[in-house]
Structures are given as structure tokens and as C-alpha cells.
Amino acid sequence: MAAVIPVALDPTYVRIALVGQGPLAKRRLAQLLEGGATPAVYSPEPDAELLALTGAALRRALPSPGDLDGVQVLFVVGIDDLAAEELARQARDRNILVNVEDVIPLCDFHAPSVIRRGDLLMTVSTGGRSPALAQLLRERLETLFPAVWADRLAEVAALRDRLRATGAKGPEVLRACRDMIAAKGWLP
């Protein structure tokens, strides 16, 4: 099994493209949009829902090699195997990180299953080996960390900001935040 390095990318600094169609492409696009990305989207046969998600930005074709210039991260979802392999080759030739959904040899990275609670981001990854297990674990985490955690993070972040503004250093801030979380019983 290959080792992986978890990374959270800020989409304001990364140019992302998505090539795809079908339900998995729509789900991936929704995740990218929810994360703040504005990916270039290519789909040779988009359905109405994909059109609604992308609007006029959708390109109704596979990307040309020139379309890939400047892209840094490429997701490929729901495209036939030969086209996906060719896109992966073109991406790698341009030093673009590529992920062909559910085709491990064509994945330079794996997109984890994601739980968002405001700025709180939790992920589950099986390195692409079992999307079903990642989904089940994500669903469990969603029940353990309901939507109220967005407000909780905001509250503890405000405490941290106040303490840092008064000159408090790392260990003192950490202790105060941990004490507040314990006092509120957020993590029994």
C-alpha cells in the first residue's frame, strides 16, 4: 500500500478542472463548489442537473490538451476508460495532479470523504481502497458532529483570537481553549 500525505488545498490558489458526467461527477462538483472552488467543467454529455450546477461555464466536450494548460488539479469522473486514461496521461505530461474516480493507478491523489461544519473540516480516506467504508465512517462522524459544531468552532476561535490579541502565547491559548471545550462538555 502506498503512503499518502493529507493536504487541504485552498482553491483560491489552485486551478482545478473537472471532466465528467453522471451522478458521481455531480457529487464531486458539488463538493468542489462547497469547498470554495470554481473549477473549469467539461462534460461531453451533460444532463440537466449538471447544467444547472455549472451554468454557462460548462464546456460540452472533453478538454483539449491546450485546455489543460494552467490546470494544477484534474478530476475525471464517469468518462469512458480510454478517454480517462488519455486525460490522465495528458495531465501527467503537464505535471497536473490527476484523480480518475475509482481507478487507483490513474490517481495521483485521493479525494477524501468530507464533513463540513462551517470552518471545521473532517475527512476520511481509505486511499481509494474502499469508498464504501469511507462513506460509512463519514456518515458516523456526521452524527457525532452535528451542524452545531460550526458555532462551537466559531466560539472557540473567538476565544483564541481574544487571547492572542492580549499577547497570550501558544501553550496558554491551547490550555484555555481545551478548558473551555471541557467546561462546555462538547467532547464527553
# chains A, B, ... in the order shown; residues from 1 in each chain; ligands from 1

$ residues_around --residues "range 22-26 of chain A" --least-positions-apart "6" --cutoff "8 Å" --atoms "only C-alpha atoms" --output "list in words"
Pro46, Asp47, Glu49, Leu50, Leu53, Val76, Val77 and Gly78 of chain A

$ select_by_dssp --residues "range 22-112 of chain A" --states "helix (DSSP H, G or I)" --output "VMD selection string"
chain A and resid 23 to 34 48 to 57 65 to 68 81 to 93 104 to 106

$ select_by_dssp --residues "range 75-123 of chain A" --states "strand (DSSP E)" --output "number ranges by chain"
A: 75-77, 97-100, 113-117, 120-123

$ write_last_selection --atoms "C-alpha atoms" --output "tab-separated table (two decimals), in the first residue's frame"
chain	number	residue	atom	x	y	z
A	75	PHE	CA	-10.71	15.32	-11.50
A	76	VAL	CA	-12.05	12.80	-14.04
A	77	VAL	CA	-15.38	11.15	-13.23
A	97	LEU	CA	-2.20	16.12	-10.36
A	98	VAL	CA	-4.96	13.84	-11.60
A	99	ASN	CA	-7.65	11.73	-9.97
A	100	VAL	CA	-9.66	9.35	-12.13
A	113	SER	CA	-14.94	11.75	2.12
A	114	VAL	CA	-15.69	15.17	3.67
A	115	ILE	CA	-17.69	16.51	6.62
A	116	ARG	CA	-18.02	20.32	6.81
A	117	ARG	CA	-19.28	22.18	9.82
A	120	LEU	CA	-14.48	22.71	10.75
A	121	LEU	CA	-13.38	20.19	8.13
A	122	MET	CA	-13.12	16.48	8.87
A	123	THR	CA	-12.13	13.92	6.29

$ residues_around --residues "range 178-188 of chain A" --least-positions-apart "3" --cutoff "10 Å" --atoms "only C-alpha atoms" --output "ChimeraX atom specification"
/A:144-145,149,152-153,155-156,159,172-175

$ closest_residue --among "A:Gly118, A:Pro39, A:Pro65, A:Pro105" --to "Asp93 in chain A" --atoms "only C-alpha atoms"
A:Pro65

$ atom_distance --atom1 "CA of Ala83 in chain A" --atom2 "CA of Tyr42 in chain A"
12.7 Å

$ atom_distance --atom1 "CA of Arg28 in chain A" --atom2 "CA of Glu85 in chain A"
18.8 Å

$ closest_residue --among "A:Val103, A:Leu137, A:Ala3, A:Leu9" --to "Val124 in chain A" --atoms "only C-alpha atoms"
A:Leu137

$ residues_around --residues "Gly36 in chain A" --least-positions-apart "4" --cutoff "8 Å" --atoms "only C-alpha atoms" --output "compact mmCIF listing (two decimals) with N, CA, C and O atoms, in the first residue's frame"
# COMPACT_ATOMS: atom_id res chain seq x y z
N PRO A 11 -8.69 26.56 -2.58
CA PRO A 11 -8.97 26.66 -4.02
C PRO A 11 -8.72 28.04 -4.61
O PRO A 11 -8.70 28.18 -5.83
N THR A 12 -8.50 29.05 -3.78
CA THR A 12 -8.18 30.37 -4.34
C THR A 12 -6.78 30.39 -4.93
O THR A 12 -6.44 31.29 -5.69
N LEU A 32 -16.62 20.26 -4.70
CA LEU A 32 -15.67 21.31 -5.07
C LEU A 32 -16.28 22.69 -4.84
O LEU A 32 -15.63 23.58 -4.28

$ closest_residue --among "A:Leu82, A:Leu163, A:Leu141, A:Ala111" --to "Gln31 in chain A" --atoms "only C-alpha atoms"
A:Ala111

$ residues_around --residues "Ile16 in chain A" --least-positions-apart "4" --cutoff "7 Å" --atoms "only C-alpha atoms" --output "list in words"
Pro39, Ala40, Val71, Gln72, Val73 and Leu74 of chain A

$ decode --residues "range 10-59 of chain A" --atoms "C-alpha atoms" --output "PDB file, in the first residue's frame"
ATOM      1  CA  ASP A  10      -7.186  26.443  -0.644  1.00  0.00           C
ATOM      2  CA  PRO A  11      -8.966  26.656  -4.016  1.00  0.00           C
ATOM      3  CA  THR A  12      -8.184  30.368  -4.343  1.00  0.00           C
ATOM      4  CA  TYR A  13      -4.579  29.357  -5.065  1.00  0.00           C
ATOM      5  CA  VAL A  14      -5.165  26.206  -7.142  1.00  0.00           C
ATOM      6  CA  ARG A  15      -6.593  25.952 -10.645  1.00  0.00           C
ATOM      7  CA  ILE A  16      -8.935  22.957 -10.739  1.00  0.00           C
ATOM      8  CA  ALA A  17     -10.751  21.281 -13.617  1.00  0.00           C
ATOM      9  CA  LEU A  18     -13.413  18.582 -13.587  1.00  0.00           C
ATOM     10  CA  VAL A  19     -14.164  16.328 -16.532  1.00  0.00           C
ATOM     11  CA  GLY A  20     -17.201  14.177 -16.042  1.00  0.00           C
ATOM     12  CA  GLN A  21     -20.786  13.172 -16.258  1.00  0.00           C
ATOM     13  CA  GLY A  22     -23.280  11.201 -14.282  1.00  0.00           C
ATOM     14  CA  PRO A  23     -24.156  11.180 -10.579  1.00  0.00           C
ATOM     15  CA  LEU A  24     -20.578  10.879  -9.299  1.00  0.00           C
ATOM     16  CA  ALA A  25     -19.485  13.883 -11.372  1.00  0.00           C
ATOM     17  CA  LYS A  26     -22.345  15.939  -9.936  1.00  0.00           C
ATOM     18  CA  ARG A  27     -21.377  14.889  -6.414  1.00  0.00           C
ATOM     19  CA  ARG A  28     -17.712  15.761  -6.995  1.00  0.00           C
ATOM     20  CA  LEU A  29     -18.665  19.119  -8.490  1.00  0.00           C
ATOM     21  CA  ALA A  30     -20.926  19.864  -5.525  1.00  0.00           C
ATOM     22  CA  GLN A  31     -18.045  19.045  -3.147  1.00  0.00           C
ATOM     23  CA  LEU A  32     -15.670  21.311  -5.065  1.00  0.00           C
ATOM     24  CA  LEU A  33     -18.176  24.163  -5.084  1.00  0.00           C
ATOM     25  CA  GLU A  34     -18.917  23.679  -1.385  1.00  0.00           C
ATOM     26  CA  GLY A  35     -15.172  23.914  -0.730  1.00  0.00           C
ATOM     27  CA  GLY A  36     -14.991  27.273  -2.496  1.00  0.00           C
ATOM     28  CA  ALA A  37     -13.570  26.084  -5.820  1.00  0.00           C
ATOM     29  CA  THR A  38     -14.683  27.421  -9.190  1.00  0.00           C
ATOM     30  CA  PRO A  39     -13.452  24.621 -11.412  1.00  0.00           C
ATOM     31  CA  ALA A  40     -13.449  24.579 -15.181  1.00  0.00           C
ATOM     32  CA  VAL A  41     -16.026  21.897 -16.025  1.00  0.00           C
ATOM     33  CA  TYR A  42     -16.037  19.721 -19.136  1.00  0.00           C
ATOM     34  CA  SER A  43     -18.744  17.195 -19.989  1.00  0.00           C
ATOM     35  CA  PRO A  44     -19.374  15.707 -23.419  1.00  0.00           C
ATOM     36  CA  GLU A  45     -22.920  14.654 -22.489  1.00  0.00           C
ATOM     37  CA  PRO A  46     -24.138  16.712 -19.508  1.00  0.00           C
ATOM     38  CA  ASP A  47     -27.549  16.097 -18.016  1.00  0.00           C
ATOM     39  CA  ALA A  48     -29.893  18.852 -16.826  1.00  0.00           C
ATOM     40  CA  GLU A  49     -28.680  18.683 -13.233  1.00  0.00           C
ATOM     41  CA  LEU A  50     -25.015  19.119 -14.208  1.00  0.00           C
ATOM     42  CA  LEU A  51     -26.033  22.004 -16.451  1.00  0.00           C
ATOM     43  CA  ALA A  52     -27.876  23.609 -13.534  1.00  0.00           C
ATOM     44  CA  LEU A  53     -24.824  23.282 -11.276  1.00  0.00           C
ATOM     45  CA  THR A  54     -22.419  24.765 -13.825  1.00  0.00           C
ATOM     46  CA  GLY A  55     -24.492  27.141 -15.914  1.00  0.00           C
ATOM     47  CA  ALA A  56     -22.766  28.867 -18.817  1.00  0.00           C
ATOM     48  CA  ALA A  57     -19.321  27.822 -17.536  1.00  0.00           C
ATOM     49  CA  LEU A  58     -19.833  24.230 -18.720  1.00  0.00           C
ATOM     50  CA  ARG A  59     -17.877  23.189 -21.785  1.00  0.00           C
TER      51      ARG A  59
END
